[in-house]
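All remarks here apply to the structure that follows.
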Amino acid sequence: MTELTTVIPVHYLFEFEHEQSFEKVYAILPNISNSIERFDEFVLEDGVDLTLPYDGFYIYRVYQQTSDSNLDPDLSDGIVEEGRAHVYVIDSPANEYNENITFNIYE
């Protein structure tokens, strides 16, 4: 994305559109890459940075902008990347207990 970015300072607006419901959610995420000239890196935590309403496939679009608060793609400075993301829930392990159960009978 950095090679397609034309504004300084840049803030990246992410748009995620669910492929079946067409519901859209937005977030502004910082580029945390240690080597921006080689690759871009972003961390997104569902429920913290934004809340994705469904599991499944999303079309994502990344827009460049100078604003650090705008969530409207129409007011951005243009799209720099588009792709497809698969969102799924990771099942948590069940709690299993391996303890000996002792029964006491009192007479």
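Chain lettering (A, B, ...) mirrors the order of the structure tokens, residue numbering begins at 1 for each chain separately, and ligand numbering begins at 1 in order of display.
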
Set the distance at 9 Å and use only C-alpha atoms: which residues neighbour stretch 66-83 of chain A once local chain neighbours fewer than 2 positions away are removed? I'd like the list as a ChimeraX atom specification.
/A:1-15,26-28,58-64,85

All residues 10 Å or closer to A:Glu23, only C-alpha atoms, same chain fewer than 2 positions away omitted, as a ChimeraX atom specification
/A:16-21,25,52-54,58

How many Å separate atom CA of A:Asp49 from atom CA of A:Asn31?
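One can read the atom CA of A:Asp49 to atom CA of A:Asn31 distance as 13.7 Å.
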